[in-house]
>>> print(open('start-v2.pdb').read())   # PDB, C-alpha atoms
ATOM      1  CA  MET A   1     -10.353   8.031  -1.610
ATOM      2  CA  ALA A   2      -6.638   8.690  -1.787
ATOM      3  CA  GLU A   3      -7.140  11.528  -4.232
ATOM      4  CA  SER A   4      -9.914  13.168  -2.274
ATOM      5  CA  ALA A   5      -7.757  13.121   0.871
ATOM      6  CA  THR A   6      -5.165  15.191  -0.965
ATOM      7  CA  ASP A   7      -7.846  17.584  -2.142
ATOM      8  CA  VAL A   8      -9.089  17.995   1.421
ATOM      9  CA  LEU A   9      -5.591  18.782   2.710
ATOM     10  CA  ALA A  10      -4.921  21.126  -0.210
ATOM     11  CA  GLN A  11      -8.144  22.965   0.586
ATOM     12  CA  ALA A  12      -7.198  23.154   4.260
ATOM     13  CA  ARG A  13      -3.889  24.740   3.388
ATOM     14  CA  GLN A  14      -5.536  27.149   0.955
ATOM     15  CA  TRP A  15      -7.977  28.304   3.645
ATOM     16  CA  ARG A  16      -5.188  28.640   6.193
ATOM     17  CA  GLU A  17      -3.035  30.659   3.819
ATOM     18  CA  ALA A  18      -6.003  32.909   3.144
ATOM     19  CA  GLY A  19      -6.000  33.689   6.867
ATOM     20  CA  LYS A  20      -8.994  31.572   7.838
ATOM     21  CA  GLY A  21      -9.202  29.399  10.931
ATOM     22  CA  VAL A  22      -9.163  25.743   9.919
ATOM     23  CA  ALA A  23      -9.809  22.455  11.696
ATOM     24  CA  LEU A  24      -9.086  18.987  10.380
ATOM     25  CA  ALA A  25     -11.204  16.027  11.460
ATOM     26  CA  THR A  26      -9.814  12.525  10.931
ATOM     27  CA  VAL A  27     -11.489   9.151  11.402
ATOM     28  CA  VAL A  28      -9.153   7.336  13.827
ATOM     29  CA  GLY A  29     -11.281   4.316  14.592
ATOM     30  CA  THR A  30     -14.271   2.460  13.201
ATOM     31  CA  TRP A  31     -16.309  -0.462  14.480
ATOM     32  CA  GLY A  32     -19.044  -2.505  12.867
ATOM     33  CA  SER A  33     -20.418  -1.528   9.486
ATOM     34  CA  SER A  34     -18.962   1.955   9.335
ATOM     35  CA  PRO A  35     -19.089   3.328   5.807
ATOM     36  CA  VAL A  36     -15.739   5.121   6.042
ATOM     37  CA  GLN A  37     -12.140   4.038   6.359
ATOM     38  CA  ALA A  38      -9.815   5.088   9.130
ATOM     39  CA  GLY A  39      -7.911   8.126   7.927
ATOM     40  CA  SER A  40     -10.837   9.809   6.148
ATOM     41  CA  HIS A  41     -10.608  13.579   6.503
ATOM     42  CA  LEU A  42     -13.046  16.462   6.837
ATOM     43  CA  ALA A  43     -11.618  19.972   6.742
ATOM     44  CA  VAL A  44     -13.659  22.828   8.191
ATOM     45  CA  SER A  45     -13.077  26.574   7.893
ATOM     46  CA  ASP A  46     -14.117  29.191  10.448
ATOM     47  CA  ASP A  47     -16.941  30.326   8.136
ATOM     48  CA  SER A  48     -18.430  26.795   8.327
ATOM     49  CA  ALA A  49     -17.373  25.689   4.855
ATOM     50  CA  PHE A  50     -16.259  22.057   4.746
ATOM     51  CA  VAL A  51     -14.765  19.517   2.345
ATOM     52  CA  GLY A  52     -14.264  15.786   2.646
ATOM     53  CA  SER A  53     -16.192  13.240   4.640
ATOM     54  CA  VAL A  54     -15.963  11.306   7.872
ATOM     55  CA  SER A  55     -19.142   9.285   7.646
ATOM     56  CA  GLY A  56     -20.640   9.232   4.211
ATOM     57  CA  GLY A  57     -22.768  12.196   5.166
ATOM     58  CA  CYS A  58     -24.519  11.219   8.411
ATOM     59  CA  ILE A  59     -22.633  13.144  11.078
ATOM     60  CA  GLU A  60     -20.828  15.887   9.203
ATOM     61  CA  GLY A  61     -23.114  18.556  10.634
ATOM     62  CA  ALA A  62     -22.262  17.623  14.210
ATOM     63  CA  VAL A  63     -18.552  17.341  13.447
ATOM     64  CA  VAL A  64     -18.544  20.790  11.822
ATOM     65  CA  THR A  65     -20.095  22.252  14.986
ATOM     66  CA  GLU A  66     -17.352  20.659  17.114
ATOM     67  CA  ALA A  67     -14.687  21.741  14.622
ATOM     68  CA  LEU A  68     -15.738  25.377  15.007
ATOM     69  CA  GLN A  69     -15.130  25.008  18.759
ATOM     70  CA  VAL A  70     -11.694  23.538  18.085
ATOM     71  CA  ILE A  71     -10.847  26.458  15.790
ATOM     72  CA  ALA A  72     -11.949  28.834  18.544
ATOM     73  CA  ASP A  73     -10.041  27.326  21.487
ATOM     74  CA  GLY A  74      -7.260  25.316  19.752
ATOM     75  CA  ARG A  75      -7.889  22.273  21.938
ATOM     76  CA  PRO A  76      -7.994  18.986  19.989
ATOM     77  CA  ARG A  77     -10.981  16.759  20.662
ATOM     78  CA  GLN A  78     -11.877  13.116  20.277
ATOM     79  CA  LEU A  79     -15.472  12.489  19.256
ATOM     80  CA  GLU A  80     -17.341   9.234  19.069
ATOM     81  CA  TYR A  81     -20.578   8.512  17.264
ATOM     82  CA  GLY A  82     -22.402   5.241  17.081
ATOM     83  CA  VAL A  83     -25.674   3.422  17.391
ATOM     84  CA  THR A  84     -25.415   3.339  21.163
ATOM     85  CA  ASP A  85     -25.406   7.111  21.137
ATOM     86  CA  GLU A  86     -28.902   8.597  20.921
ATOM     87  CA  MET A  87     -27.407  11.715  19.443
ATOM     88  CA  ALA A  88     -25.988   9.661  16.561
ATOM     89  CA  TRP A  89     -29.447   8.259  15.829
ATOM     90  CA  ALA A  90     -30.819  11.730  15.891
ATOM     91  CA  ILE A  91     -28.233  12.957  13.413
ATOM     92  CA  GLY A  92     -28.499   9.850  11.312
ATOM     93  CA  LEU A  93     -25.640   7.367  11.739
ATOM     94  CA  ALA A  94     -28.142   4.573  11.296
ATOM     95  CA  CYS A  95     -25.794   2.241   9.449
ATOM     96  CA  GLY A  96     -25.065   0.247  12.603
ATOM     97  CA  GLY A  97     -21.473   1.353  12.914
ATOM     98  CA  LYS A  98     -19.438   3.373  15.321
ATOM     99  CA  VAL A  99     -16.853   5.923  14.389
ATOM    100  CA  GLN A 100     -14.191   7.715  16.424
ATOM    101  CA  ILE A 101     -13.037  11.084  15.142
ATOM    102  CA  TYR A 102     -10.093  13.259  16.115
ATOM    103  CA  VAL A 103     -10.455  16.987  15.484
ATOM    104  CA  GLU A 104      -7.456  19.330  15.550
ATOM    105  CA  ARG A 105      -6.762  22.905  14.575
ATOM    106  CA  VAL A 106      -4.374  23.599  11.700
ATOM    107  CA  GLU A 107      -1.920  25.993  13.335
TER     108      GLU A 107
ATOM    109  CA  MET B  21      -1.435  20.105  13.046
ATOM    110  CA  LYS B  22       1.360  22.426  12.080
ATOM    111  CA  LEU B  23       0.847  24.119   8.743
ATOM    112  CA  ASP B  24       4.398  23.020   7.913
ATOM    113  CA  TYR B  25       3.421  19.353   8.345
ATOM    114  CA  LEU B  26       0.445  19.886   6.079
ATOM    115  CA  ALA B  27       2.778  21.393   3.475
ATOM    116  CA  GLN B  28       5.216  18.480   3.805
ATOM    117  CA  ILE B  29       2.413  15.946   3.364
ATOM    118  CA  LEU B  30       1.141  17.748   0.267
ATOM    119  CA  ALA B  31       4.684  17.965  -1.156
ATOM    120  CA  ALA B  32       5.228  14.240  -0.610
ATOM    121  CA  ARG B  33       1.924  13.485  -2.297
ATOM    122  CA  ALA B  34       2.823  15.661  -5.258
ATOM    123  CA  GLN B  35       6.118  13.788  -5.647
ATOM    124  CA  LYS B  36       4.409  10.409  -5.092
ATOM    125  CA  ARG B  37       6.497   9.742  -1.979
ATOM    126  CA  PRO B  38       4.784   7.877   0.860
ATOM    127  CA  ILE B  39       4.497   9.770   4.142
ATOM    128  CA  ALA B  40       2.646   9.215   7.399
ATOM    129  CA  LEU B  41       1.531  11.466  10.230
ATOM    130  CA  ALA B  42       1.640   9.989  13.728
ATOM    131  CA  THR B  43      -0.668  11.704  16.231
ATOM    132  CA  ARG B  44      -0.717  11.036  19.963
ATOM    133  CA  LEU B  45      -4.436  11.459  20.551
ATOM    134  CA  ALA B  46      -4.133  12.350  24.233
ATOM    135  CA  ASP B  47      -2.283  15.625  23.648
ATOM    136  CA  GLY B  48      -2.168  16.121  19.867
ATOM    137  CA  ALA B  49       1.627  15.791  19.610
ATOM    138  CA  GLN B  50       2.669  14.770  16.106
ATOM    139  CA  SER B  51       5.546  13.384  14.032
ATOM    140  CA  LEU B  52       6.082  12.732  10.361
ATOM    141  CA  TYR B  53       7.403   9.354   9.206
ATOM    142  CA  ASP B  54       8.626   8.950   5.634
ATOM    143  CA  GLY B  55       9.421   5.237   5.707
ATOM    144  CA  ALA B  56      12.987   5.835   6.873
ATOM    145  CA  THR B  57      13.043   8.511   9.530
ATOM    146  CA  CYS B  58      10.576   9.843  12.056
ATOM    147  CA  THR B  59      10.762  13.535  12.954
ATOM    148  CA  GLY B  60       8.667  15.475  15.418
ATOM    149  CA  ALA B  61       7.310  15.512  18.948
ATOM    150  CA  VAL B  62       6.194  11.868  19.058
ATOM    151  CA  ALA B  63       9.058   9.381  19.379
ATOM    152  CA  LEU B  64       8.146   5.973  17.981
ATOM    153  CA  SER B  65       9.639   2.793  19.443
ATOM    154  CA  ALA B  66      11.412   0.278  17.195
ATOM    155  CA  GLY B  67       8.285  -1.884  17.283
ATOM    156  CA  GLN B  68       6.060   1.052  16.354
ATOM    157  CA  ILE B  69       8.404   2.006  13.505
ATOM    158  CA  ALA B  70       8.186  -1.544  12.141
ATOM    159  CA  GLU B  71       4.406  -1.397  12.369
ATOM    160  CA  ALA B  72       4.313   2.035  10.744
ATOM    161  CA  HIS B  73       6.529   0.769   7.933
ATOM    162  CA  GLY B  74       4.116  -2.077   7.163
ATOM    163  CA  LEU B  75       1.121   0.264   7.244
ATOM    164  CA  LEU B  76       2.845   2.750   4.963
ATOM    165  CA  LEU B  77       3.657   0.009   2.450
ATOM    166  CA  ALA B  78       0.029  -1.067   2.446
ATOM    167  CA  GLY B  79      -1.219   2.510   2.385
ATOM    168  CA  ARG B  80      -3.438   1.812   5.374
ATOM    169  CA  SER B  81      -4.162   4.220   8.244
ATOM    170  CA  ALA B  82      -4.645   2.727  11.703
ATOM    171  CA  PRO B  83      -3.893   3.150  15.391
ATOM    172  CA  LEU B  84      -0.463   1.722  16.224
ATOM    173  CA  ALA B  85      -1.196  -1.464  18.153
ATOM    174  CA  ALA B  86       1.948  -1.102  20.243
ATOM    175  CA  SER B  87       0.561   2.167  21.610
ATOM    176  CA  GLU B  88      -2.787   0.686  22.712
ATOM    177  CA  GLY B  89      -4.637   3.024  20.387
ATOM    178  CA  ALA B  90      -3.113   6.192  21.750
ATOM    179  CA  ILE B  91      -1.108   6.930  18.600
ATOM    180  CA  PHE B  92      -2.925   7.108  15.278
ATOM    181  CA  LEU B  93      -0.947   6.723  12.085
ATOM    182  CA  ARG B  94      -2.426   8.473   9.057
ATOM    183  CA  CYS B  95      -0.718   7.105   5.946
ATOM    184  CA  TYR B  96      -0.589   9.075   2.745
ATOM    185  CA  ALA B  97       0.692   6.485   0.292
ATOM    186  CA  PRO B  98       0.925   7.114  -3.419
ATOM    187  CA  PRO B  99      -1.308   4.811  -5.448
ATOM    188  CA  ALA B 100       0.271   1.415  -5.993
ATOM    189  CA  LYS B 101       1.458   0.825  -9.530
ATOM    190  CA  LEU B 102       0.577  -2.146 -11.718
ATOM    191  CA  VAL B 103       2.891  -2.621 -14.677
ATOM    192  CA  MET B 104       1.777  -5.083 -17.331
ATOM    193  CA  ILE B 105       4.079  -6.498 -19.972
ATOM    194  CA  GLY B 106       1.992  -7.243 -23.045
ATOM    195  CA  ALA B 107      -0.846  -5.195 -24.488
ATOM    196  CA  VAL B 108      -2.748  -8.435 -24.958
ATOM    197  CA  HIS B 109      -6.406  -9.416 -24.567
ATOM    198  CA  ILE B 110      -6.189 -10.050 -20.811
ATOM    199  CA  ALA B 111      -4.488  -6.672 -20.346
ATOM    200  CA  GLN B 112      -7.505  -5.013 -21.982
ATOM    201  CA  PHE B 113      -9.551  -6.237 -19.002
ATOM    202  CA  LEU B 114      -6.920  -6.016 -16.307
ATOM    203  CA  ALA B 115      -5.951  -2.406 -17.078
ATOM    204  CA  PRO B 116      -9.388  -0.817 -16.487
ATOM    205  CA  MET B 117     -10.155  -3.135 -13.553
ATOM    206  CA  ALA B 118      -6.891  -2.212 -11.818
ATOM    207  CA  ALA B 119      -7.491   1.479 -12.480
ATOM    208  CA  LEU B 120     -10.924   1.204 -10.847
ATOM    209  CA  ALA B 121      -9.291  -0.467  -7.848
ATOM    210  CA  GLY B 122      -7.044   2.582  -7.441
ATOM    211  CA  PHE B 123      -3.848   1.422  -9.145
ATOM    212  CA  GLU B 124      -1.746   3.548 -11.438
ATOM    213  CA  VAL B 125      -1.672   1.358 -14.539
ATOM    214  CA  ILE B 126       1.096   1.128 -17.133
ATOM    215  CA  VAL B 127       1.087  -1.265 -20.098
ATOM    216  CA  ILE B 128       4.400  -1.988 -21.817
ATOM    217  CA  ASP B 129       4.538  -3.512 -25.291
ATOM    218  CA  PRO B 130       6.975  -2.561 -28.062
ATOM    219  CA  ARG B 131       4.642  -4.111 -30.651
ATOM    220  CA  GLY B 132       2.792  -1.160 -32.104
ATOM    221  CA  ALA B 133      -0.075  -3.283 -33.335
ATOM    222  CA  PHE B 134      -0.924  -4.310 -29.765
ATOM    223  CA  ALA B 135      -0.250  -1.139 -27.813
ATOM    224  CA  THR B 136      -2.814   1.132 -29.421
ATOM    225  CA  GLU B 137      -4.990   3.839 -27.898
ATOM    226  CA  ALA B 138      -7.988   2.207 -29.587
ATOM    227  CA  ARG B 139      -7.385  -1.030 -27.688
ATOM    228  CA  PHE B 140      -6.459   0.732 -24.426
ATOM    229  CA  PRO B 141      -8.424   3.965 -24.167
ATOM    230  CA  GLY B 142      -7.054   6.212 -21.435
ATOM    231  CA  VAL B 143      -4.327   3.763 -20.370
ATOM    232  CA  THR B 144      -0.659   4.772 -20.122
ATOM    233  CA  LEU B 145       1.044   2.827 -22.929
ATOM    234  CA  VAL B 146       4.805   2.445 -23.245
ATOM    235  CA  THR B 147       6.069   1.125 -26.579
ATOM    236  CA  GLU B 148       9.683   0.624 -25.535
ATOM    237  CA  TRP B 149      11.200  -2.808 -24.864
ATOM    238  CA  PRO B 150      10.476  -3.988 -21.305
ATOM    239  CA  GLY B 151      14.085  -3.721 -20.066
ATOM    240  CA  PRO B 152      14.621  -0.016 -20.795
ATOM    241  CA  ALA B 153      10.961   0.791 -20.087
ATOM    242  CA  LEU B 154      11.083  -0.691 -16.576
ATOM    243  CA  ALA B 155      14.424   0.964 -15.873
ATOM    244  CA  ARG B 156      12.864   4.309 -16.719
ATOM    245  CA  ILE B 157       9.574   3.707 -14.844
ATOM    246  CA  GLY B 158      11.438   2.462 -11.769
ATOM    247  CA  LEU B 159      10.494  -0.641  -9.812
ATOM    248  CA  ASP B 160       9.829   0.040  -6.127
ATOM    249  CA  GLU B 161       8.031  -1.680  -3.274
ATOM    250  CA  HIS B 162       4.719  -0.033  -4.279
ATOM    251  CA  THR B 163       4.835  -1.661  -7.705
ATOM    252  CA  ALA B 164       3.488  -4.946  -9.070
ATOM    253  CA  VAL B 165       4.717  -6.461 -12.335
ATOM    254  CA  VAL B 166       2.713  -8.936 -14.408
ATOM    255  CA  THR B 167       3.989 -10.484 -17.622
ATOM    256  CA  LEU B 168       1.285 -11.484 -20.071
ATOM    257  CA  THR B 169       2.885 -12.013 -23.486
ATOM    258  CA  HIS B 170       3.919 -15.715 -23.325
ATOM    259  CA  ASP B 171       6.921 -14.547 -25.363
ATOM    260  CA  PRO B 172      10.270 -15.012 -23.582
ATOM    261  CA  LYS B 173      11.753 -12.171 -25.647
ATOM    262  CA  LEU B 174       9.365  -9.776 -23.902
ATOM    263  CA  ASP B 175       8.549 -11.500 -20.612
ATOM    264  CA  ASP B 176      12.025 -12.599 -19.543
ATOM    265  CA  PRO B 177      13.744  -9.197 -19.470
ATOM    266  CA  ALA B 178      10.832  -7.883 -17.416
ATOM    267  CA  LEU B 179      11.014 -10.776 -14.963
ATOM    268  CA  ARG B 180      14.750 -10.323 -14.702
ATOM    269  CA  ALA B 181      14.321  -6.652 -13.800
ATOM    270  CA  ALA B 182      11.449  -7.374 -11.399
ATOM    271  CA  LEU B 183      13.319 -10.175  -9.593
ATOM    272  CA  GLN B 184      16.230  -7.831  -8.936
ATOM    273  CA  SER B 185      13.945  -5.113  -7.538
ATOM    274  CA  PRO B 186      11.845  -4.742  -4.365
ATOM    275  CA  VAL B 187       8.450  -4.908  -6.176
ATOM    276  CA  PHE B 188       5.716  -6.361  -3.949
ATOM    277  CA  TYR B 189       4.329  -8.692  -6.607
ATOM    278  CA  ILE B 190       5.581 -10.539  -9.660
ATOM    279  CA  GLY B 191       3.194 -12.614 -11.738
ATOM    280  CA  ALA B 192       3.737 -14.464 -15.000
ATOM    281  CA  LEU B 193       0.974 -15.752 -17.235
ATOM    282  CA  GLY B 194       1.504 -19.263 -18.521
ATOM    283  CA  SER B 195       0.950 -22.892 -17.595
ATOM    284  CA  THR B 196       2.947 -24.863 -15.058
ATOM    285  CA  ARG B 197       4.869 -26.406 -17.990
ATOM    286  CA  THR B 198       5.651 -22.976 -19.446
ATOM    287  CA  HIS B 199       6.786 -21.828 -16.040
ATOM    288  CA  ALA B 200       9.139 -24.810 -15.647
ATOM    289  CA  LYS B 201      10.860 -23.795 -18.891
ATOM    290  CA  ARG B 202      10.950 -20.202 -17.666
ATOM    291  CA  ILE B 203      12.702 -21.254 -14.470
ATOM    292  CA  GLU B 204      15.277 -23.124 -16.585
ATOM    293  CA  ARG B 205      16.017 -19.927 -18.502
ATOM    294  CA  LEU B 206      16.298 -17.986 -15.230
ATOM    295  CA  ARG B 207      18.666 -20.653 -13.936
ATOM    296  CA  GLU B 208      20.983 -19.968 -16.865
ATOM    297  CA  LEU B 209      20.986 -16.328 -15.796
ATOM    298  CA  GLY B 210      21.807 -17.293 -12.225
ATOM    299  CA  LEU B 211      18.410 -16.120 -10.981
ATOM    300  CA  ALA B 212      16.822 -19.490 -10.143
ATOM    301  CA  GLN B 213      16.986 -18.844  -6.405
ATOM    302  CA  LEU B 214      14.752 -15.770  -6.887
ATOM    303  CA  ALA B 215      12.169 -17.601  -9.002
ATOM    304  CA  PRO B 216       9.887 -18.489  -6.045
ATOM    305  CA  ARG B 217       8.925 -14.787  -5.959
ATOM    306  CA  ILE B 218       7.100 -15.287  -9.255
ATOM    307  CA  HIS B 219       3.414 -16.116  -8.973
ATOM    308  CA  ALA B 220       2.859 -18.675 -11.698
ATOM    309  CA  PRO B 221       0.463 -19.832 -12.893
ATOM    310  CA  VAL B 222      -0.647 -16.267 -12.284
ATOM    311  CA  GLY B 223      -3.628 -15.250 -10.179
ATOM    312  CA  LEU B 224      -5.814 -16.739  -7.480
ATOM    313  CA  ASP B 225      -7.440 -20.004  -8.559
ATOM    314  CA  LEU B 226     -10.994 -18.830  -9.115
ATOM    315  CA  GLY B 227     -11.744 -21.424 -11.795
ATOM    316  CA  GLY B 228     -12.475 -18.927 -14.561
ATOM    317  CA  ARG B 229     -10.961 -19.164 -18.035
ATOM    318  CA  ALA B 230     -12.315 -16.088 -19.813
ATOM    319  CA  ALA B 231      -9.956 -13.105 -20.157
ATOM    320  CA  ALA B 232     -12.038 -10.986 -17.793
ATOM    321  CA  GLU B 233     -12.106 -13.789 -15.219
ATOM    322  CA  ILE B 234      -8.346 -14.228 -15.378
ATOM    323  CA  ALA B 235      -7.976 -10.464 -14.971
ATOM    324  CA  VAL B 236     -10.091 -10.645 -11.784
ATOM    325  CA  SER B 237      -7.940 -13.482 -10.426
ATOM    326  CA  VAL B 238      -4.708 -11.580 -11.150
ATOM    327  CA  LEU B 239      -6.001  -8.355  -9.632
ATOM    328  CA  ALA B 240      -7.259 -10.261  -6.582
ATOM    329  CA  GLN B 241      -3.831 -11.804  -6.048
ATOM    330  CA  VAL B 242      -2.060  -8.464  -6.467
ATOM    331  CA  ILE B 243      -4.342  -6.898  -3.840
ATOM    332  CA  GLN B 244      -3.869  -9.886  -1.537
ATOM    333  CA  GLN B 245      -0.092  -9.623  -1.720
ATOM    334  CA  ARG B 246      -0.190  -5.880  -1.218
ATOM    335  CA  TYR B 247      -2.036  -6.168   2.099
ATOM    336  CA  ARG B 248      -0.290  -9.330   3.233
ATOM    337  CA  ARG B 249       2.579  -7.203   4.507
ATOM    338  CA  ALA B 250       0.415  -4.991   6.733
ATOM    339  CA  PRO B 251       0.226  -5.939  10.405
TER     340      PRO B 251
END
>>> encode(input="start-v2.pdb", output="structure tokens")
Amino acid sequence: MAESATDVLAQARQWREAGKGVALATVVGTWGSSPVQAGSHLAVSDDSAFVGSVSGGCIEGAVVTEALQVIADGRPRQLEYGVTDEMAWAIGLACGGKVQIYVERVE
Amino acid sequence: MKLDYLAQILAARAQKRPIALATRLADGAQSLYDGATCTGAVALSAGQIAEAHGLLLAGRSAPLAASEGAIFLRCYAPPAKLVMIGAVHIAQFLAPMAALAGFEVIVIDPRGAFATEARFPGVTLVTEWPGPALARIGLDEHTAVVTLTHDPKLDDPALRAALQSPVFYIGALGSTRTHAKRIERLRELGLAQLAPRIHAPVGLDLGGRAAAEIAVSVLAQVIQQRYRRAP
């Protein structure tokens, strides 16, 4: 995991230096049987490319959509997905956990 | 996040220096903490610094408790290092197991017949004597040292170096009787008061006797000691 985090950040910088808008999503809290550790990163570019993971694959699509908003308006956001959230069921976080994600723009 | 912070984190990672990013989630203000100083828009209290220090040592990212979850600390710690003295049978199990668990693994043994690529495929082998080898590798608080040779000529210089360093774990293979003799030798060197840092007999008591089982017990104890310091 440690290595992949570096790769994600390296990719984020590469995108930024190539002039792309970039957002970084970070898992800042987990509850229950979440499959990811706090600190896991997902980097998203303004052309919807992404690297890394914040959930083992269940909610990346939704996080990418939010990340594009963050790239557009520069306002950081806190997102929360879990079993109590119908949306999370719909997008597949069926592992019984809850995850809190912070999304920020790389300036 | 400032691009400059991203660059600093990547530079620290490349140089295997630990670094952490503190983010105040309410407004996105951030600071970098390198284990000694904290620079940026978020000022951490003495209590939060102490907490951040423990997290950085353990390589664990978490909200700072003292901030009631409002400040998240993302730690970028280099992989912990496990240095084994003795390219012996147990090391042949412990080396790959520790690598799988995310450790940077180094095996030191000046005896060419033991430290061979055939016996340790893909493992970093150092065929110098333990004293000079450890001085060159450097013993820091992200490092664990385990002696496995049973030979005082090889084990003792390594223990001496480890005891006088901030390594987070020191283990020595050998029975209670062997360890009593070892402590006597350390006493002659004036190091007896540091001997309680040595885990001996080495490893958690899992009951196993096979080399692979002992390797599991050693690795388990190293991991336990590594996280014991985190809040």
>>> interface_residues(input="start-v2.pdb", of="chain A", to="chain B", cutoff="8 Å", atoms="only C-alpha atoms", output="PDB file with C-alpha atoms, in the coordinates of the input")
ATOM      1  CA  ALA A   2      -6.638   8.690  -1.787  1.00  0.00           C
ATOM      2  CA  THR A   6      -5.165  15.191  -0.965  1.00  0.00           C
ATOM      3  CA  LEU A   9      -5.591  18.782   2.710  1.00  0.00           C
ATOM      4  CA  ALA A  10      -4.921  21.126  -0.210  1.00  0.00           C
ATOM      5  CA  ARG A  13      -3.889  24.740   3.388  1.00  0.00           C
ATOM      6  CA  ARG A  16      -5.188  28.640   6.193  1.00  0.00           C
ATOM      7  CA  VAL A  28      -9.153   7.336  13.827  1.00  0.00           C
ATOM      8  CA  GLY A  29     -11.281   4.316  14.592  1.00  0.00           C
ATOM      9  CA  ALA A  38      -9.815   5.088   9.130  1.00  0.00           C
ATOM     10  CA  GLY A  39      -7.911   8.126   7.927  1.00  0.00           C
ATOM     11  CA  PRO A  76      -7.994  18.986  19.989  1.00  0.00           C
ATOM     12  CA  GLN A  78     -11.877  13.116  20.277  1.00  0.00           C
ATOM     13  CA  TYR A 102     -10.093  13.259  16.115  1.00  0.00           C
ATOM     14  CA  GLU A 104      -7.456  19.330  15.550  1.00  0.00           C
ATOM     15  CA  ARG A 105      -6.762  22.905  14.575  1.00  0.00           C
ATOM     16  CA  VAL A 106      -4.374  23.599  11.700  1.00  0.00           C
ATOM     17  CA  GLU A 107      -1.920  25.993  13.335  1.00  0.00           C
TER      18      GLU A 107
END
>>> residues_near_point(input="start-v2.pdb", point="(-16.0, 14.1, 18.8)", cutoff="8 Å", atoms="all atoms listed in the file", output="number ranges by chain")
A: 63, 66, 77-81, 100-103
>>> residues_around(input="start-v2.pdb", residues="segment 129-138 of chain B", least_positions_apart="6", cutoff="6 Å", atoms="all atoms listed in the file", output="list in words")
Gly106, Ala107, Thr147, Glu148 and Trp149 of chain B
>>> write_last_selection(input="start-v2.pdb", atoms="C-alpha atoms", output="short mmCIF file (atom, residue, chain, number, x, y, z; two decimals), keeping the file's coordinate frame")
data_model
loop_
_atom_site.label_atom_id
_atom_site.label_comp_id
_atom_site.auth_asym_id
_atom_site.auth_seq_id
_atom_site.Cartn_x
_atom_site.Cartn_y
_atom_site.Cartn_z
CA GLY B 106 1.99 -7.24 -23.04
CA ALA B 107 -0.85 -5.20 -24.49
CA THR B 147 6.07 1.12 -26.58
CA GLU B 148 9.68 0.62 -25.54
CA TRP B 149 11.20 -2.81 -24.86
#
>>> atom_distance(input="start-v2.pdb", atom1="atom CA of Glu124 of chain B", atom2="atom CA of Ala70 of chain B")
26.1 Å
>>> closest_residue(input="start-v2.pdb", among="B:Pro186, B:Pro150, B:Pro116, B:Gly158", to="Lys173 of chain B", atoms="all atoms listed in the file")
B:Pro150
>>> resolve_selection(input="start-v2.pdb", expression="the PyMOL selection byres ((chain B and resi 126) around 6)", output="ChimeraX atom specification")
/B:103,125,127,144
